Amino acid sequence: MNKPVTYELQHVCQQSGARAGLLTTPHGQIKTPVYMPVGTQAVVKAMTSPEMKALGAQILLSNTYHLNLRPGSQIIKAAGGLHRFMAWDLPILTDSGGFQVFSLAELNKITEEGVAFRNHLDGSALLMTPESSMQIQQDLGADIAMAFDVCSPYPCAYEDAKADMERTHRWAMRCKDAHKRPDQALFGIVQGAFYKDLRITSAQTLSQMDFPGYGIGGLSVGEPKDIMYEMLEALIPHLPVNKPRYLMGVGTPDCLLEGVLRGVDMFDCVLATRIARNGTVLTRHGRLVVRNARYKADFAPLEEGCDCYTCLHHSRAYVRHLINTGEITGGRLCSIHNLRYLTRLMEGARQAILEDRFLDYIKDFYALFDMRGAFNRGEDQ
RNA sequence: GUGGGUGUAGUUCAGUGGUUAGAGCGCCAGAUUGUGGCUCUGGAAGUCGUGGGUUCAACUCCCAUCACCCACC
């Protein structure tokens with residue numbers, strides 16, 4: 001039986017060691033490194049599928065937990081699967097619900113069997129297990145499903161981190177046993193909080209289970225960036241070279257490039273679309289809060305030279321006006337720009353890797369990008 | 001012209017003798033990393049229409065005056 005998702009390592013940058021690859025799925029190929037826009041509720045907020053294609057998105061992420069609550073995985077299955085339901089014929093990856101165990105921690109109880117959630121919509125009880133997550137994800141029918149994991153918080157005591165990691169490994173095996181769909185790949189997820197030895201153990205343990213790809217979970221949960229980079233450097237050498245690595249939830253421009261530098265192939269993040277709806281955009285010069293009064297009469301595009309729809313047609317003053325009057329198109333225009341920005345950042349990274357000049361690419365990025373107030377955390381300040 | 005009403009932050013309004021006059025909206029700024037987010041947090045902003053008076057103390061009570069609104073001539 002052919003594997004549903006295969007990874008081909010196309011080139012290793014001689015200057016940096018970063019990777020360029022090709023991910024082949026039932027719904028087409030993905031050139032890596034890649035940023036995956038997030039469409040939690042079977043839609044990238046404010047965007048349509050043709051618009052996502054136009055800005056160069058290769059694959060979208062959607063969410064098991066949310067879609068299972070509404071409209072329900074049976075509805076999406078009846079619609080002919082998630083691709084048809086949301087009219088997106090390129091690849092999709094579904095998150096397992098594991099992150100909701102973390103982010104909705106006050107509303108759930110974790111046992112070895114699974115997680116008892118309080119439904120955040122109506123308060124009703126809901127049990128999610130590795131098996132049920134697999135069932136739901138197979139009903140949704142994405143190209144890539146993620147294992148149901150336990151994401152440790154930051155900070156986290158060693159014994160707790162170890163217990164979360166070991167449970168994640170047991171659940172990964174249960175996910176593998178429960179996963180039957182031949183046209184869908186299942187990725188395992190590395191945990192281990194902020195302890196290098198645990199991260200290495202997790203990478204080795206999951207590698208032995210032979211998944212077609214590996215998520216790196218539990219990072220960008222509030223820790224300083226340096227610590228995240230240390231963890232990546234420790235664990236990635238213990239993942240197989242011929243499988244894709246997906247750093248979950250990471251999405252500031254600098255973190256994307258630093259991740260690529262350390263061997264990551266895939267990223268997803270809500271940041272670009274979330275800040276867009278609140279009037280902040282990303283540019284090569286750093287973040288730009290277009291909502292601010294200084295742009296009231298600024299008729300330049302959001303980012304000079306950007307090829308996105310927004311920058312080709314509209315001014316900062318206009319976008320600011322729409323944001324400040326609460327017009328939904330304001331959030332749309334900022335989303336279009338931010339998604340295009342990150343997509344283009346990754347396209348440029350891939351090209352630089354293929355041409356063995358990725359270190360120069362990063363250097364050029366930092367030379368222009370104003371890091372002051374650029375989503376820093378903790379000790380980064 | 002007569003009678004009544006209203007004048008407090010940019011705006012709509014609270015505040016009927018007692019620290020440094022408040023709220024919503026607006027304005028300004030900050031936050032946002034596997035989305036419980038048209039969200040969250042903070043800030044600036046008022047000679048209380050004006051001028052007198054009573055009082056230990058006045059946005060508050062009294063007088064005058066100005067502006068606006070309503071009713072009636």
# chains A, B, ... in the order shown; residues from 1 in each chain; ligands from 1
>>> interface_residues(of="chain A", to="chain B", cutoff="8 Å", atoms="only C-alpha atoms (C1' of nucleotides)", output="list in words")
Thr40, Asp95, Phe99, Leu104, His120, Leu121, Gly217, Ser220, Val221, Met248, Gly249, Val250, Gly251, Thr252, Asp268, Cys269, Val270, Leu271, Arg274, Ile275, Ala293, Gly326 and Ile328 of chain A
>>> residues_around(residues="C68 (chain B)", least_positions_apart="4", cutoff="12 Å", atoms="only C-alpha atoms (C1' of nucleotides)", output="ChimeraX atom specification")
/B:5-7,49
>>> select_by_dssp(residues="region 154-269 of chain A", states="alpha helix (DSSP H)", output="mmCIF file with C-alpha atoms, in the first residue's frame")
data_model
loop_
_atom_site.group_PDB
_atom_site.id
_atom_site.type_symbol
_atom_site.label_atom_id
_atom_site.label_comp_id
_atom_site.auth_asym_id
_atom_site.auth_seq_id
_atom_site.Cartn_x
_atom_site.Cartn_y
_atom_site.Cartn_z
ATOM 1 C CA TYR A 158 10.479 17.798 35.709
ATOM 2 C CA GLU A 159 8.369 14.948 37.078
ATOM 3 C CA ASP A 160 5.192 16.461 35.612
ATOM 4 C CA ALA A 161 6.853 17.015 32.265
ATOM 5 C CA LYS A 162 8.096 13.435 32.257
ATOM 6 C CA ALA A 163 4.640 12.098 33.114
ATOM 7 C CA ASP A 164 3.010 14.197 30.375
ATOM 8 C CA MET A 165 5.597 13.010 27.876
ATOM 9 C CA GLU A 166 5.216 9.346 28.773
ATOM 10 C CA ARG A 167 1.453 9.593 28.533
ATOM 11 C CA THR A 168 1.860 11.289 25.174
ATOM 12 C CA HIS A 169 3.923 8.317 24.023
ATOM 13 C CA ARG A 170 1.339 5.798 25.229
ATOM 14 C CA TRP A 171 -1.399 7.791 23.570
ATOM 15 C CA ALA A 172 0.659 8.011 20.369
ATOM 16 C CA MET A 173 0.709 4.215 20.243
ATOM 17 C CA ARG A 174 -3.038 4.069 20.857
ATOM 18 C CA CYS A 175 -3.550 6.644 18.087
ATOM 19 C CA LYS A 176 -1.478 4.537 15.743
ATOM 20 C CA ASP A 177 -3.495 1.428 16.566
ATOM 21 C CA ALA A 178 -6.792 3.255 16.106
ATOM 22 C CA LYS A 196 16.590 18.517 26.818
ATOM 23 C CA ASP A 197 16.868 14.913 27.977
ATOM 24 C CA LEU A 198 13.100 14.499 27.878
ATOM 25 C CA ARG A 199 12.915 16.124 24.461
ATOM 26 C CA ILE A 200 15.586 13.745 23.157
ATOM 27 C CA THR A 201 13.888 10.726 24.714
ATOM 28 C CA SER A 202 10.589 11.802 23.181
ATOM 29 C CA ALA A 203 12.099 12.270 19.731
ATOM 30 C CA GLN A 204 13.789 8.866 19.893
ATOM 31 C CA THR A 205 10.729 7.061 21.240
ATOM 32 C CA LEU A 206 8.424 8.474 18.594
ATOM 33 C CA SER A 207 10.960 7.863 15.836
ATOM 34 C CA GLN A 208 10.922 4.192 16.736
ATOM 35 C CA LYS A 225 12.543 32.250 22.507
ATOM 36 C CA ASP A 226 16.079 31.187 23.395
ATOM 37 C CA ILE A 227 14.727 28.273 25.377
ATOM 38 C CA MET A 228 12.564 27.194 22.475
ATOM 39 C CA TYR A 229 15.579 27.279 20.161
ATOM 40 C CA GLU A 230 17.627 25.228 22.631
ATOM 41 C CA MET A 231 14.943 22.569 22.677
ATOM 42 C CA LEU A 232 14.809 22.439 18.891
ATOM 43 C CA GLU A 233 18.572 22.090 18.666
ATOM 44 C CA ALA A 234 18.503 19.267 21.188
ATOM 45 C CA LEU A 235 15.688 17.182 19.760
ATOM 46 C CA PRO A 253 8.522 35.863 11.415
ATOM 47 C CA ASP A 254 11.775 35.525 13.346
ATOM 48 C CA CYS A 255 10.699 32.267 14.997
ATOM 49 C CA LEU A 256 9.819 30.801 11.601
ATOM 50 C CA LEU A 257 13.263 31.532 10.220
ATOM 51 C CA GLU A 258 15.016 30.338 13.374
ATOM 52 C CA GLY A 259 12.971 27.153 13.200
ATOM 53 C CA VAL A 260 13.864 26.561 9.566
ATOM 54 C CA LEU A 261 17.508 27.143 10.439
#
>>> select_by_dssp(residues="region 159-291 of chain A", states="strand (DSSP E or B)", output="VMD selection string")
chain A and resid 185 to 190 214 to 216 245 to 247 266 to 269 280 to 283 286 to 289
>>> write_last_selection(atoms="C-alpha atoms", output="CSV table (one decimal), in the first residue's frame")
chain,number,residue,atom,x,y,z
A,185,ALA,CA,-1.1,10.2,7.4
A,186,LEU,CA,-0.8,10.3,11.2
A,187,PHE,CA,2.0,12.4,12.7
A,188,GLY,CA,3.3,11.8,16.2
A,189,ILE,CA,4.0,14.7,18.5
A,190,VAL,CA,7.2,15.2,20.5
A,214,TYR,CA,6.6,14.5,13.5
A,215,GLY,CA,5.0,17.4,15.3
A,216,ILE,CA,7.0,19.3,17.9
A,245,ARG,CA,9.1,18.1,11.1
A,246,TYR,CA,6.3,20.3,12.1
A,247,LEU,CA,6.8,23.0,14.8
A,266,MET,CA,6.3,23.1,8.7
A,267,PHE,CA,4.7,25.7,10.9
A,268,ASP,CA,1.2,26.9,11.8
A,269,CYS,CA,0.1,29.9,13.7
A,280,THR,CA,-1.7,45.0,13.2
A,281,VAL,CA,0.2,43.9,10.1
A,282,LEU,CA,3.6,42.4,9.5
A,283,THR,CA,6.1,44.0,7.1
A,286,GLY,CA,8.6,44.8,11.6
A,287,ARG,CA,5.1,45.1,12.9
A,288,LEU,CA,2.9,48.0,11.9
A,289,VAL,CA,-0.1,48.9,14.0
>>> residues_around(residues="C73 (chain B)", least_positions_apart="4", cutoff="12 Å", atoms="only C-alpha atoms (C1' of nucleotides)", output="ChimeraX atom specification")
/B:1-3
>>> residues_around(residues="U8 (chain B)", least_positions_apart="2", cutoff="12 Å", atoms="only C-alpha atoms (C1' of nucleotides)", output="PDB file with C-alpha atoms (C1' of nucleotides), in the first residue's frame")
ATOM      1  C1'   U B   6     -32.132  71.502  30.705  1.00  0.00           C
ATOM      2  C1'   U B  12     -24.895  60.741  25.852  1.00  0.00           C
ATOM      3  C1'   C B  13     -25.646  61.017  30.798  1.00  0.00           C
ATOM      4  C1'   A B  14     -24.964  59.733  36.482  1.00  0.00           C
ATOM      5  C1'   G B  15     -23.825  62.534  40.679  1.00  0.00           C
ATOM      6  C1'   A B  21     -16.530  64.849  40.305  1.00  0.00           C
ATOM      7  C1'   G B  22     -17.800  59.327  37.725  1.00  0.00           C
ATOM      8  C1'   G B  46     -13.940  68.454  32.739  1.00  0.00           C
ATOM      9  C1'   C B  48     -19.377  71.294  36.704  1.00  0.00           C
ATOM     10  C1'   G B  49     -22.740  77.648  31.113  1.00  0.00           C
ATOM     11  C1'   C B  59     -21.765  70.264  40.777  1.00  0.00           C
ATOM     12  C1'   U B  60     -25.443  70.265  44.807  1.00  0.00           C
TER      13        U B  60
END
>>> residues_around(residues="Pro244 (chain A)", least_positions_apart="4", cutoff="7 Å", atoms="only C-alpha atoms (C1' of nucleotides)", output="PyMOL selection string")
chain A and resi 7+213-214+265
>>> write_last_selection(atoms="C-alpha atoms", output="CSV table (one decimal), in the first residue's frame")
chain,number,residue,atom,x,y,z
A,7,TYR,CA,8.5,13.5,2.2
A,213,GLY,CA,6.0,12.9,10.1
A,214,TYR,CA,6.6,14.5,13.5
A,265,ASP,CA,9.8,22.0,7.7
>>> atom_distance(atom1="CA of Leu342 (chain A)", atom2="CA of Ala272 (chain A)")
7.9 Å
>>> atom_distance(atom1="CA of Tyr154 (chain A)", atom2="CA of Ala105 (chain A)")
13.1 Å
>>> residues_around(residues="G52 (chain B)", least_positions_apart="6", cutoff="12 Å", atoms="only C-alpha atoms (C1' of nucleotides)", output="number ranges by chain")
B: 62-65
>>> write_last_selection(atoms="N, CA, C and O atoms (P, O5', C5', C4', C3', O3' and C1' of nucleotides)", output="PDB file, in the first residue's frame")
ATOM      1  P     C B  62     -32.495  76.665  45.189  1.00  0.00           P
ATOM      2  O5'   C B  62     -32.088  78.120  45.696  1.00  0.00           O
ATOM      3  C5'   C B  62     -32.791  78.723  46.788  1.00  0.00           C
ATOM      4  C4'   C B  62     -32.313  80.139  46.972  1.00  0.00           C
ATOM      5  C3'   C B  62     -32.309  80.984  45.705  1.00  0.00           C
ATOM      6  O3'   C B  62     -33.585  81.539  45.444  1.00  0.00           O
ATOM      7  C1'   C B  62     -30.239  81.243  46.811  1.00  0.00           C
ATOM      8  P     C B  63     -33.986  81.862  43.890  1.00  0.00           P
ATOM      9  O5'   C B  63     -33.099  83.150  43.575  1.00  0.00           O
ATOM     10  C5'   C B  63     -33.354  84.370  44.255  1.00  0.00           C
ATOM     11  C4'   C B  63     -32.385  85.433  43.789  1.00  0.00           C
ATOM     12  C3'   C B  63     -32.285  85.603  42.274  1.00  0.00           C
ATOM     13  O3'   C B  63     -33.334  86.395  41.750  1.00  0.00           O
ATOM     14  C1'   C B  63     -30.110  85.542  43.201  1.00  0.00           C
ATOM     15  P     A B  64     -33.795  86.189  40.234  1.00  0.00           P
ATOM     16  O5'   A B  64     -32.583  86.811  39.419  1.00  0.00           O
ATOM     17  C5'   A B  64     -32.292  88.208  39.504  1.00  0.00           C
ATOM     18  C4'   A B  64     -30.970  88.499  38.840  1.00  0.00           C
ATOM     19  C3'   A B  64     -30.866  88.118  37.368  1.00  0.00           C
ATOM     20  O3'   A B  64     -31.448  89.096  36.528  1.00  0.00           O
ATOM     21  C1'   A B  64     -28.921  87.399  38.510  1.00  0.00           C
ATOM     22  P     U B  65     -32.121  88.652  35.142  1.00  0.00           P
ATOM     23  O5'   U B  65     -30.842  88.224  34.308  1.00  0.00           O
ATOM     24  C5'   U B  65     -29.847  89.189  33.950  1.00  0.00           C
ATOM     25  C4'   U B  65     -28.653  88.505  33.338  1.00  0.00           C
ATOM     26  C3'   U B  65     -28.965  87.608  32.139  1.00  0.00           C
ATOM     27  O3'   U B  65     -29.068  88.344  30.937  1.00  0.00           O
ATOM     28  C1'   U B  65     -27.536  86.453  33.644  1.00  0.00           C
TER      29        U B  65
END
>>> residues_around(residues="region 123-138 of chain A", least_positions_apart="3", cutoff="7 Å", atoms="only C-alpha atoms (C1' of nucleotides)", output="mmCIF file with C-alpha atoms, in the first residue's frame")
data_model
loop_
_atom_site.group_PDB
_atom_site.id
_atom_site.type_symbol
_atom_site.label_atom_id
_atom_site.label_comp_id
_atom_site.auth_asym_id
_atom_site.auth_seq_id
_atom_site.Cartn_x
_atom_site.Cartn_y
_atom_site.Cartn_z
ATOM 1 C CA THR A 64 -10.791 18.471 15.589
ATOM 2 C CA SER A 73 -17.850 15.320 12.491
ATOM 3 C CA THR A 94 -6.203 18.576 11.402
ATOM 4 C CA SER A 96 -6.048 16.479 17.345
ATOM 5 C CA GLU A 113 -8.198 6.998 29.347
ATOM 6 C CA GLY A 114 -8.440 10.490 27.883
ATOM 7 C CA VAL A 115 -9.692 13.957 28.684
ATOM 8 C CA ALA A 116 -13.086 14.844 30.102
ATOM 9 C CA PHE A 117 -13.895 18.288 28.727
ATOM 10 C CA ARG A 118 -16.559 20.703 29.681
ATOM 11 C CA ASN A 119 -17.933 21.739 26.335
ATOM 12 C CA HIS A 120 -17.111 25.443 26.213
ATOM 13 C CA GLY A 141 -10.655 13.230 6.231
ATOM 14 C CA ALA A 145 -3.999 13.876 11.209
ATOM 15 C CA PHE A 148 -3.727 13.182 20.584
ATOM 16 C CA TRP A 171 -1.399 7.791 23.570
ATOM 17 C CA ARG A 174 -3.038 4.069 20.857
ATOM 18 C CA CYS A 175 -3.550 6.644 18.087
ATOM 19 C CA ALA A 178 -6.792 3.255 16.106
ATOM 20 C CA HIS A 179 -5.808 4.965 12.890
ATOM 21 C CA ARG A 181 -7.594 5.363 7.059
#
